[in-house]
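See below for work_35.cif, which holds mmCIF, C-alpha atoms.
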```cif
data_upload
#
loop_
_atom_site.label_atom_id
_atom_site.label_comp_id
_atom_site.auth_asym_id
_atom_site.auth_seq_id
_atom_site.Cartn_x
_atom_site.Cartn_y
_atom_site.Cartn_z
CA MET A 613 94.30 24.92 -72.90
CA SER A 614 93.97 23.14 -76.21
CA PHE A 615 93.41 24.45 -79.72
CA PHE A 616 89.68 23.77 -79.55
CA ASP A 617 89.23 25.77 -76.36
CA TYR A 618 89.83 28.98 -78.31
CA PHE A 619 86.41 28.59 -79.92
CA ARG A 620 84.56 28.41 -76.64
CA SER A 621 82.86 31.49 -75.27
CA LYS A 622 84.85 33.44 -72.71
CA SER A 623 81.89 35.34 -71.30
CA GLU A 624 81.30 33.45 -68.06
CA PRO A 625 83.58 34.12 -65.08
CA SER A 626 86.18 31.48 -64.27
CA SER A 627 85.76 29.32 -61.19
CA ALA A 628 88.68 31.14 -59.56
CA ASP A 629 86.79 34.44 -60.02
CA LEU A 630 83.78 32.88 -58.31
CA ALA A 631 85.95 31.62 -55.46
CA ARG A 632 87.47 35.07 -54.96
CA GLU A 633 84.12 36.87 -54.89
CA ARG A 634 82.52 34.33 -52.54
CA LEU A 635 85.51 34.51 -50.21
CA LYS A 636 85.56 38.30 -50.12
CA ILE A 637 81.93 38.38 -49.03
CA ILE A 638 82.11 35.67 -46.38
CA VAL A 639 85.43 36.88 -44.94
CA ALA A 640 84.15 40.47 -44.68
CA HIS A 641 80.98 39.23 -42.99
CA GLU A 642 82.88 37.07 -40.50
CA ARG A 643 85.33 39.86 -39.67
CA GLY A 644 82.30 42.03 -38.85
CA THR A 645 80.89 39.53 -36.39
CA ARG A 646 84.34 38.92 -34.84
CA SER A 647 84.36 42.33 -33.16
CA GLN A 648 80.84 41.89 -31.79
CA PRO A 649 80.42 41.52 -28.05
CA ASP A 650 79.77 37.97 -26.84
CA TYR A 651 76.32 38.80 -25.50
CA LEU A 652 74.96 39.97 -28.87
CA PRO A 653 73.58 36.66 -30.25
CA GLN A 654 71.72 35.97 -26.99
CA MET A 655 70.36 39.53 -26.86
CA GLN A 656 69.20 39.21 -30.46
CA GLN A 657 67.27 36.05 -29.58
CA GLU A 658 65.64 37.69 -26.58
CA ILE A 659 64.61 40.85 -28.45
CA ILE A 660 63.04 38.72 -31.16
CA ALA A 661 61.22 36.66 -28.52
CA VAL A 662 59.75 39.82 -26.96
CA ILE A 663 58.54 41.14 -30.31
CA LYS A 664 57.02 37.76 -31.17
CA LYS A 665 55.12 37.80 -27.89
CA TYR A 666 53.07 40.79 -29.12
CA ILE A 667 53.15 40.53 -32.89
CA ALA A 668 52.85 37.41 -35.03
CA ILE A 669 55.96 37.75 -37.08
CA ASP A 670 58.53 35.62 -38.85
CA GLN A 671 62.00 35.45 -37.38
CA ASP A 672 63.53 36.62 -40.65
CA LYS A 673 61.44 39.83 -40.59
CA VAL A 674 63.55 41.11 -37.71
CA SER A 675 67.10 42.26 -38.22
CA ILE A 676 69.32 43.38 -35.39
CA GLN A 677 72.69 44.97 -35.99
CA LEU A 678 75.31 46.60 -33.90
CA ASP A 679 77.35 49.21 -35.76
CA SER A 680 80.13 51.12 -34.18
CA ASN A 681 82.07 54.13 -35.34
CA ASP A 682 84.68 56.18 -33.55
CA GLU A 683 82.30 57.99 -31.23
CA CYS A 684 79.50 55.61 -30.40
CA SER A 685 77.82 52.30 -31.09
CA VAL A 686 74.34 52.08 -32.59
CA LEU A 687 72.04 49.14 -31.98
CA GLU A 688 69.70 48.97 -34.93
CA VAL A 689 66.53 46.88 -34.70
CA ASN A 690 64.55 46.61 -37.90
CA VAL A 691 61.12 45.01 -37.76
CA THR A 692 59.00 44.55 -40.86
CA LEU A 693 55.41 44.33 -39.62
CA PRO A 694 52.89 42.12 -41.41
CA GLU A 695 50.24 43.89 -43.56
CA MET B 1481 115.73 34.53 -25.63
CA ALA B 1482 114.34 32.23 -28.30
CA LYS B 1483 111.88 33.42 -30.90
CA ILE B 1484 108.71 31.35 -30.83
CA ILE B 1485 107.16 30.60 -34.23
CA VAL B 1486 103.77 28.94 -34.61
CA VAL B 1487 102.86 27.16 -37.85
CA THR B 1488 99.09 27.26 -37.97
CA SER B 1489 96.18 27.18 -40.43
CA GLY B 1490 92.84 26.27 -38.89
CA LYS B 1491 92.15 23.77 -41.66
CA GLY B 1492 93.78 20.36 -41.67
CA GLY B 1493 95.85 18.86 -44.45
CA VAL B 1494 97.26 22.11 -45.82
CA GLY B 1495 100.88 21.33 -44.91
CA LYS B 1496 101.46 22.56 -41.35
CA THR B 1497 103.67 19.64 -40.35
CA THR B 1498 105.54 19.60 -43.68
CA THR B 1499 106.11 23.35 -43.28
CA SER B 1500 107.20 23.02 -39.63
CA ALA B 1501 109.76 20.36 -40.57
CA ALA B 1502 111.03 22.44 -43.51
CA MET B 1503 111.23 25.74 -41.62
CA GLY B 1504 112.83 24.15 -38.56
CA THR B 1505 115.41 22.42 -40.72
CA GLY B 1506 116.05 25.60 -42.69
CA LEU B 1507 116.64 27.67 -39.56
CA ALA B 1508 119.04 25.02 -38.22
CA LEU B 1509 120.89 24.93 -41.57
CA ASN B 1510 121.41 28.67 -41.15
CA GLY B 1511 123.20 28.04 -37.88
CA PHE B 1512 120.37 28.68 -35.42
CA LYS B 1513 119.77 26.17 -32.68
CA THR B 1514 116.18 25.13 -33.33
CA VAL B 1515 113.58 22.85 -31.77
CA VAL B 1516 110.36 21.80 -33.48
CA ILE B 1517 107.51 20.89 -31.12
CA ASP B 1518 104.53 18.76 -32.15
CA PHE B 1519 101.39 20.13 -30.44
CA ASP B 1520 99.06 17.57 -32.02
CA VAL B 1521 98.45 15.44 -28.94
CA GLY B 1522 96.91 12.10 -29.89
CA LEU B 1523 97.75 12.47 -33.59
CA ARG B 1524 101.50 12.88 -33.59
CA ASN B 1525 103.05 13.04 -37.07
CA LEU B 1526 105.99 15.43 -36.98
CA ASP B 1527 108.23 12.50 -35.96
CA LEU B 1528 107.27 10.62 -39.15
CA ILE B 1529 107.78 13.64 -41.43
CA MET B 1530 111.21 14.25 -39.85
CA GLY B 1531 112.15 10.58 -39.88
CA CYS B 1532 112.68 10.08 -36.14
CA GLU B 1533 109.56 8.03 -35.29
CA ARG B 1534 111.54 5.06 -34.03
CA ARG B 1535 113.56 7.14 -31.59
CA VAL B 1536 110.62 8.54 -29.59
CA VAL B 1537 110.89 7.56 -25.93
CA TYR B 1538 109.45 10.46 -23.95
CA ASP B 1539 107.18 13.20 -25.26
CA PHE B 1540 105.96 16.76 -24.68
CA VAL B 1541 103.27 15.71 -22.17
CA ASN B 1542 105.80 13.66 -20.17
CA VAL B 1543 107.89 16.82 -19.85
CA ILE B 1544 104.89 18.97 -18.87
CA LYS B 1545 103.91 16.42 -16.22
CA GLN B 1546 107.55 16.25 -15.10
CA GLU B 1547 107.71 12.52 -15.75
CA ALA B 1548 110.81 13.16 -17.88
CA ASN B 1549 113.15 16.09 -18.31
CA LEU B 1550 113.77 17.94 -21.54
CA SER B 1551 117.12 16.33 -22.28
CA GLN B 1552 115.45 12.91 -22.16
CA ALA B 1553 112.57 13.88 -24.43
CA LEU B 1554 114.38 15.98 -27.07
CA ILE B 1555 115.37 13.97 -30.15
CA LYS B 1556 118.46 15.13 -32.00
CA ASP B 1557 117.76 15.28 -35.74
CA LYS B 1558 119.94 12.92 -37.73
CA HIS B 1559 119.91 14.97 -40.96
CA THR B 1560 120.79 18.40 -39.61
CA ASP B 1561 122.99 19.78 -36.83
CA ASN B 1562 121.48 22.25 -34.33
CA LEU B 1563 118.04 20.67 -34.80
CA PHE B 1564 115.88 18.90 -32.23
CA VAL B 1565 112.35 17.46 -32.18
CA LEU B 1566 109.97 17.35 -29.23
CA PRO B 1567 107.29 14.80 -30.17
CA ALA B 1568 103.63 14.94 -29.12
CA SER B 1569 102.11 12.35 -26.87
CA GLN B 1570 100.22 9.67 -28.76
CA THR B 1571 98.17 8.40 -25.83
CA ARG B 1572 97.01 11.35 -23.73
CA ASP B 1573 94.10 13.63 -24.47
CA LYS B 1574 94.65 17.23 -25.49
CA ASP B 1575 93.67 18.54 -22.05
CA ALA B 1576 97.14 17.44 -20.99
CA LEU B 1577 98.38 20.71 -22.49
CA THR B 1578 97.91 23.53 -19.99
CA LYS B 1579 98.89 27.17 -20.37
CA GLU B 1580 101.20 26.96 -17.35
CA GLY B 1581 102.75 23.65 -18.38
CA VAL B 1582 103.42 24.72 -21.97
CA GLY B 1583 104.72 28.08 -20.76
CA ALA B 1584 107.20 26.44 -18.37
CA VAL B 1585 108.57 24.11 -21.08
CA LEU B 1586 108.91 26.96 -23.60
CA GLU B 1587 110.70 29.07 -21.02
CA GLU B 1588 113.20 26.33 -20.31
CA LEU B 1589 113.78 25.79 -24.05
CA SER B 1590 114.23 29.55 -24.51
CA GLU B 1591 117.37 29.45 -22.42
CA THR B 1592 119.31 27.32 -24.90
CA PHE B 1593 117.53 27.59 -28.26
CA ASP B 1594 117.38 30.41 -30.84
CA TYR B 1595 114.11 29.32 -32.44
CA ILE B 1596 111.17 27.28 -31.18
CA VAL B 1597 108.83 26.12 -33.97
CA CYS B 1598 105.39 25.05 -32.75
CA ASP B 1599 103.57 22.71 -35.13
CA SER B 1600 99.88 23.38 -34.42
CA PRO B 1601 97.11 20.79 -34.73
CA ALA B 1602 94.21 21.57 -37.07
CA GLY B 1603 91.09 23.23 -35.71
CA ILE B 1604 90.64 26.08 -33.25
CA GLU B 1605 90.31 23.98 -30.09
CA LYS B 1606 92.63 23.85 -27.11
CA GLY B 1607 95.63 22.24 -28.84
CA ALA B 1608 95.67 24.88 -31.56
CA GLN B 1609 95.18 27.68 -29.04
CA MET B 1610 98.05 26.37 -26.89
CA ALA B 1611 100.33 26.19 -29.95
CA LEU B 1612 99.74 29.84 -30.84
CA TYR B 1613 99.40 31.33 -27.34
CA TYR B 1614 103.08 32.09 -26.71
CA ALA B 1615 104.00 32.87 -30.33
CA ASP B 1616 106.09 35.86 -31.42
CA ILE B 1617 105.74 34.99 -35.10
CA ALA B 1618 102.96 33.12 -36.92
CA ILE B 1619 103.32 31.32 -40.24
CA VAL B 1620 99.78 30.89 -41.54
CA THR B 1621 99.87 28.03 -44.04
CA THR B 1622 97.12 28.24 -46.63
CA ASN B 1623 96.14 26.39 -49.79
CA PRO B 1624 94.68 28.36 -52.71
CA GLU B 1625 91.22 26.99 -52.01
CA VAL B 1626 88.12 28.57 -50.44
CA SER B 1627 87.83 26.61 -47.19
CA SER B 1628 91.52 26.95 -46.39
CA VAL B 1629 91.54 30.73 -46.98
CA ARG B 1630 88.44 31.21 -44.84
CA ASP B 1631 89.90 29.15 -41.98
CA SER B 1632 93.18 31.07 -42.22
CA ASP B 1633 91.27 34.30 -41.73
CA ARG B 1634 89.58 32.78 -38.69
CA ILE B 1635 92.92 31.76 -37.18
CA LEU B 1636 94.25 35.30 -37.81
CA GLY B 1637 91.34 36.59 -35.71
CA ILE B 1638 92.33 34.21 -32.90
CA LEU B 1639 95.99 35.29 -33.10
CA GLN B 1640 94.85 38.89 -32.76
CA SER B 1641 92.59 38.27 -29.77
CA LYS B 1642 93.67 35.14 -27.87
CA SER B 1643 97.47 35.07 -28.03
CA ARG B 1644 99.53 36.10 -25.03
CA ARG B 1645 100.71 39.20 -26.89
CA ALA B 1646 97.09 40.20 -27.54
CA GLU B 1647 96.02 39.53 -23.95
CA ASN B 1648 98.95 41.51 -22.52
CA GLY B 1649 98.56 44.35 -25.00
CA ASP B 1650 102.13 43.79 -26.27
CA GLU B 1651 103.34 44.20 -29.85
CA PRO B 1652 101.08 41.93 -31.92
CA VAL B 1653 102.23 38.54 -33.25
CA VAL B 1654 104.08 39.02 -36.56
CA GLU B 1655 101.96 37.32 -39.23
CA HIS B 1656 103.27 35.65 -42.39
CA LEU B 1657 101.35 33.98 -45.20
CA LEU B 1658 102.78 30.78 -46.67
CA LEU B 1659 100.82 29.61 -49.70
CA ASN B 1660 101.27 25.85 -50.20
CA ARG B 1661 100.41 23.57 -53.14
CA TYR B 1662 100.34 26.38 -55.68
CA ASN B 1663 99.72 25.30 -59.26
CA PRO B 1664 100.51 28.12 -61.74
CA GLU B 1665 99.01 26.20 -64.70
CA ARG B 1666 95.64 25.98 -62.96
CA VAL B 1667 95.87 29.65 -61.91
CA ASP B 1668 96.45 30.61 -65.56
CA ALA B 1669 93.46 28.49 -66.57
CA GLY B 1670 91.26 30.35 -64.07
CA GLU B 1671 90.77 27.21 -61.98
CA MET B 1672 92.70 28.26 -58.88
CA LEU B 1673 92.89 31.37 -56.71
CA SER B 1674 96.03 33.32 -57.57
CA VAL B 1675 98.60 34.39 -55.00
CA GLU B 1676 97.39 37.99 -55.47
CA ASP B 1677 93.80 36.90 -54.69
CA VAL B 1678 94.82 35.21 -51.43
CA GLU B 1679 97.07 38.12 -50.41
CA GLU B 1680 94.25 40.57 -51.06
CA ILE B 1681 91.71 38.61 -49.01
CA LEU B 1682 93.93 37.79 -46.02
CA ALA B 1683 95.88 41.08 -46.13
CA ILE B 1684 99.06 39.79 -44.49
CA PRO B 1685 102.61 39.80 -45.91
CA LEU B 1686 103.62 36.90 -48.13
CA LEU B 1687 106.47 34.75 -46.79
CA GLY B 1688 106.52 32.28 -49.65
CA VAL B 1689 104.68 30.33 -52.30
CA ILE B 1690 105.43 26.61 -52.35
CA PRO B 1691 104.49 25.06 -55.69
CA GLU B 1692 102.58 21.78 -55.85
CA ASP B 1693 105.39 19.28 -56.28
CA GLU B 1694 105.59 15.48 -56.42
CA ALA B 1695 108.81 15.73 -54.43
CA VAL B 1696 106.82 16.66 -51.28
CA LEU B 1697 105.13 13.25 -51.09
CA LYS B 1698 108.43 11.51 -51.81
CA ALA B 1699 110.10 13.49 -49.01
CA SER B 1700 107.41 12.47 -46.53
CA ASN B 1701 107.64 8.84 -47.71
CA SER B 1702 111.27 8.77 -46.69
CA GLY B 1703 110.99 11.00 -43.61
CA THR B 1704 113.29 13.72 -44.96
CA PRO B 1705 112.17 17.36 -44.69
CA ILE B 1706 111.41 18.70 -48.21
CA ILE B 1707 113.88 21.57 -47.78
CA LEU B 1708 116.72 19.03 -47.95
CA ASP B 1709 115.68 18.10 -51.51
CA LYS B 1710 117.59 20.97 -53.08
CA GLU B 1711 116.73 19.88 -56.63
CA SER B 1712 112.97 20.17 -56.08
CA HIS B 1713 111.08 23.40 -56.69
CA ALA B 1714 109.18 22.99 -53.41
CA GLY B 1715 112.46 22.54 -51.52
CA GLN B 1716 113.98 25.63 -53.11
CA ALA B 1717 110.84 27.66 -52.40
CA CYS B 1718 111.01 26.58 -48.72
CA ALA B 1719 114.67 27.62 -48.52
CA ASP B 1720 113.72 31.04 -49.93
CA ALA B 1721 110.93 31.36 -47.34
CA VAL B 1722 113.43 30.68 -44.54
CA GLN B 1723 115.71 33.43 -45.89
CA ARG B 1724 112.77 35.85 -45.94
CA LEU B 1725 111.90 34.87 -42.38
CA LEU B 1726 115.48 35.83 -41.47
CA GLY B 1727 114.95 39.24 -43.06
CA LYS B 1728 116.36 38.82 -46.56
CA GLU B 1729 114.42 40.21 -49.50
CA LEU B 1730 114.15 37.62 -52.24
CA GLU B 1731 111.94 37.60 -55.28
CA HIS B 1732 109.23 34.92 -55.29
CA ARG B 1733 109.93 32.03 -57.66
CA PHE B 1734 107.85 29.33 -59.35
CA LEU B 1735 104.80 31.62 -59.67
CA HIS B 1736 104.41 31.19 -63.40
CA ALA B 1737 103.69 28.21 -65.61
CA GLN B 1738 106.56 26.97 -67.71
CA LYS B 1739 106.15 27.95 -71.35
CA LYS B 1740 104.79 25.19 -73.55
CA GLY B 1741 106.01 24.37 -77.02
CA PHE B 1742 103.83 24.95 -80.06
CA PHE B 1743 102.73 21.32 -80.39
CA GLN B 1744 102.00 20.99 -76.69
CA ARG B 1745 99.74 24.05 -76.93
CA LEU B 1746 97.99 22.74 -80.02
CA LEU B 1747 97.31 19.36 -78.50
CA GLY B 1748 96.56 20.62 -75.01
CA GLY B 1749 99.10 18.22 -73.51
CA LYS B 1750 100.30 18.56 -69.97
#
```
Write the structure described by the file as structure tokens, please.
Amino acid sequence: MSFFDYFRSKSEPSSADLARERLKIIVAHERGTRSQPDYLPQMQQEIIAVIKKYIAIDQDKVSIQLDSNDECSVLEVNVTLPE
Amino acid sequence: MAKIIVVTSGKGGVGKTTTSAAMGTGLALNGFKTVVIDFDVGLRNLDLIMGCERRVVYDFVNVIKQEANLSQALIKDKHTDNLFVLPASQTRDKDALTKEGVGAVLEELSETFDYIVCDSPAGIEKGAQMALYYADIAIVTTNPEVSSVRDSDRILGILQSKSRRAENGDEPVVEHLLLNRYNPERVDAGEMLSVEDVEEILAIPLLGVIPEDEAVLKASNSGTPIILDKESHAGQACADAVQRLLGKELEHRFLHAQKKGFFQRLLGGK
């Protein structure tokens, strides 16, 4: 860092901060999908296909998640219907 | 019974082979009979890094296919006693490595060696999975850079689900983080992930931090493992990592930038 750098603003996060935050998010996300059963992606596709058969809907309006805690697993299907 | 160590990373070019050569040499220097095996079938390079490329006659695949026996294929290292290299095949495809074949070779090596260091190929395909399958200990080599850290996390997932220990429900593979090409100046300037950042994200114990060092390229140019360059910071950091692997507690070195003089600071010189 040179003498002149001291006059620059320090407000924006450093690139290393950005790297750390991006990594934390993607690594947490990928660890979540790692424990998913192998059939889940295929099942997601098929559930979406069934919904689309009856309702005209965008793919991104459907979210399907499998959450598990100690006692049970919950399959959560969230569909945002068009107006 | 030998301890089987895999040097793995997921991502290529982060220093797996350099680390395998250094760790293997370091273990041999400490009196343990050690063999380093190149699992990168088709892209063999451990022989070059260890300086024995002109003495390769038979290779790992020849031994698996029983076209040669181990004593014919093992190359005795010329720098260090107690150290041997088992080179990868340069011509076959990676399907030549089978679980049974690799297992039989490792078992035979286990009878006479103390440590077996498996130098994994990059990626998460068959070659990489074979290299880590039989491991007792994993050294996950990582660079302080986003794609390398992400791939290291991926390989940790594979160690925890696809290794023999995971499949058999045995004690899990012991995981170690080795952070290569660390540049404390760039960390201080906020341009590089710090060792604390990488430790926090991967959440595995730190075996060592190898500083970015011009000596590493010079060592590979001449085919001498970096750990033998005792003057270099990278060589000293590797020697420390070997001691930690053997159970010693040593403080990490070379984590901080060297202090600059007043004029260097003022002028922003390197």
**OP:** Hey, list the chain B side of the contact with chain A: 12 Å cut-off, only C-alpha atoms, answer as a PyMOL selection string.
**Re:** chain B and resi 1624-1638+1640-1641+1665-1683+1740+1742-1750
**OP:** Rounded to one decimal place, report the atom CA of B:Gly1506-atom CA of B:Gly1607 distance in Å.
**Re:**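 Atom-to-atom, atom CA of B:Gly1506 to atom CA of B:Gly1607, that is 24.9 Å.
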**OP:** May I ask which of the residues B:Thr1488, B:Gln1738, B:Leu1550, B:Cys1532 is the closest one to B:Glu1588, counting all atoms listed in the file?
**Re:**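 Among the listed residues, B:Leu1550 lies closest to B:Glu1588.
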Original post:
Can you list what the PyMOL selection byres ((chain B and resi 1531) around 12) grabs from this structure, as a PyMOL selection string?
Top reply: chain B and resi 1498+1501+1525-1530+1532-1536+1555-1560+1564-1565+1567+1699-1706
**OP:** Please provide as number ranges by chain all residues within 7 Å of B:Val1597, with the sequence filter that same-chain residues fewer than 4 positions apart are discarded (counting all atoms listed in the file).
**Re:** B: 1484-1486, 1500, 1504, 1515-1517
Would you mind exporting C-alpha atoms of the selected residues as a PDB file, in the coordinates of the input?
```
ATOM      1  CA  ILE B1484     108.710  31.350 -30.830  1.00  0.00           C
ATOM      2  CA  ILE B1485     107.160  30.600 -34.230  1.00  0.00           C
ATOM      3  CA  VAL B1486     103.770  28.940 -34.610  1.00  0.00           C
ATOM      4  CA  SER B1500     107.200  23.020 -39.630  1.00  0.00           C
ATOM      5  CA  GLY B1504     112.830  24.150 -38.560  1.00  0.00           C
ATOM      6  CA  VAL B1515     113.580  22.850 -31.770  1.00  0.00           C
ATOM      7  CA  VAL B1516     110.360  21.800 -33.480  1.00  0.00           C
ATOM      8  CA  ILE B1517     107.510  20.890 -31.120  1.00  0.00           C
TER       9      ILE B1517
END
```
**OP:** Starting from the displayed file, determine the output of the PyMOL selection byres ((chain A and resi 663) around 12) and express the residue list as a PyMOL selection string.
**Re:** chain A and resi 656-662+664-671+673-675+689-693
How would you write, as a short mmCIF file (atom, residue, chain, number, x, y, z; two decimals) with C-alpha atoms, keeping the file's coordinate frame, the residues chosen by the PyMOL selection byres ((chain B and resi 1583) around 12) on this structure?
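Once everything was written out, this is result.cif:
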```
data_model
loop_
_atom_site.label_atom_id
_atom_site.label_comp_id
_atom_site.auth_asym_id
_atom_site.auth_seq_id
_atom_site.Cartn_x
_atom_site.Cartn_y
_atom_site.Cartn_z
CA ILE B 1484 108.71 31.35 -30.83
CA VAL B 1543 107.89 16.82 -19.85
CA ILE B 1544 104.89 18.97 -18.87
CA LEU B 1577 98.38 20.71 -22.49
CA THR B 1578 97.91 23.53 -19.99
CA LYS B 1579 98.89 27.17 -20.37
CA GLU B 1580 101.20 26.96 -17.35
CA GLY B 1581 102.75 23.65 -18.38
CA VAL B 1582 103.42 24.72 -21.97
CA ALA B 1584 107.20 26.44 -18.37
CA VAL B 1585 108.57 24.11 -21.08
CA LEU B 1586 108.91 26.96 -23.60
CA GLU B 1587 110.70 29.07 -21.02
CA GLU B 1588 113.20 26.33 -20.31
CA LEU B 1589 113.78 25.79 -24.05
CA SER B 1590 114.23 29.55 -24.51
CA MET B 1610 98.05 26.37 -26.89
CA ALA B 1611 100.33 26.19 -29.95
CA LEU B 1612 99.74 29.84 -30.84
CA TYR B 1613 99.40 31.33 -27.34
CA TYR B 1614 103.08 32.09 -26.71
CA ALA B 1615 104.00 32.87 -30.33
CA ARG B 1644 99.53 36.10 -25.03
#
```
Original post:
Quick one: distance from atom CA of A:Thr645 to atom CA of A:Leu687 in Å, one decimal?
Top reply: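 Result for atom CA of A:Thr645 versus atom CA of A:Leu687: 13.8 Å, one decimal.
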Original post:
What is the distance between atom CA of A:Pro649 and atom CA of B:Gly1603, in Å to one decimal?
Top reply: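 Computing it gives 22.5 Å between the two atoms.
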Work out where the centre of an axis-aligned box around every listed atom of stretch 656-664 of chain A lies and how long its edges are once 5 Å is added on each side; give both in Å to one decimal as lines of an AutoDock Vina configuration file.
```
center_x = 63.1
center_y = 38.6
center_z = -28.9
size_x = 22.2
size_y = 15.1
size_z = 14.6
```
Original post:
Which residue out of B:Asn1660, B:Ser1551, B:Thr1622, B:Thr1499 has the minimum interatomic distance to B:Ile1690 when only C-alpha atoms are used?
Top reply: B:Asn1660
Original post:
Residues at most 9 Å from B:Ser1569, counting only C-alpha atoms, excluding those fewer than 2 positions away in the same chain, as a ChimeraX atom specification?
Top reply: /B:1518-1524,1538-1542,1567,1571-1573
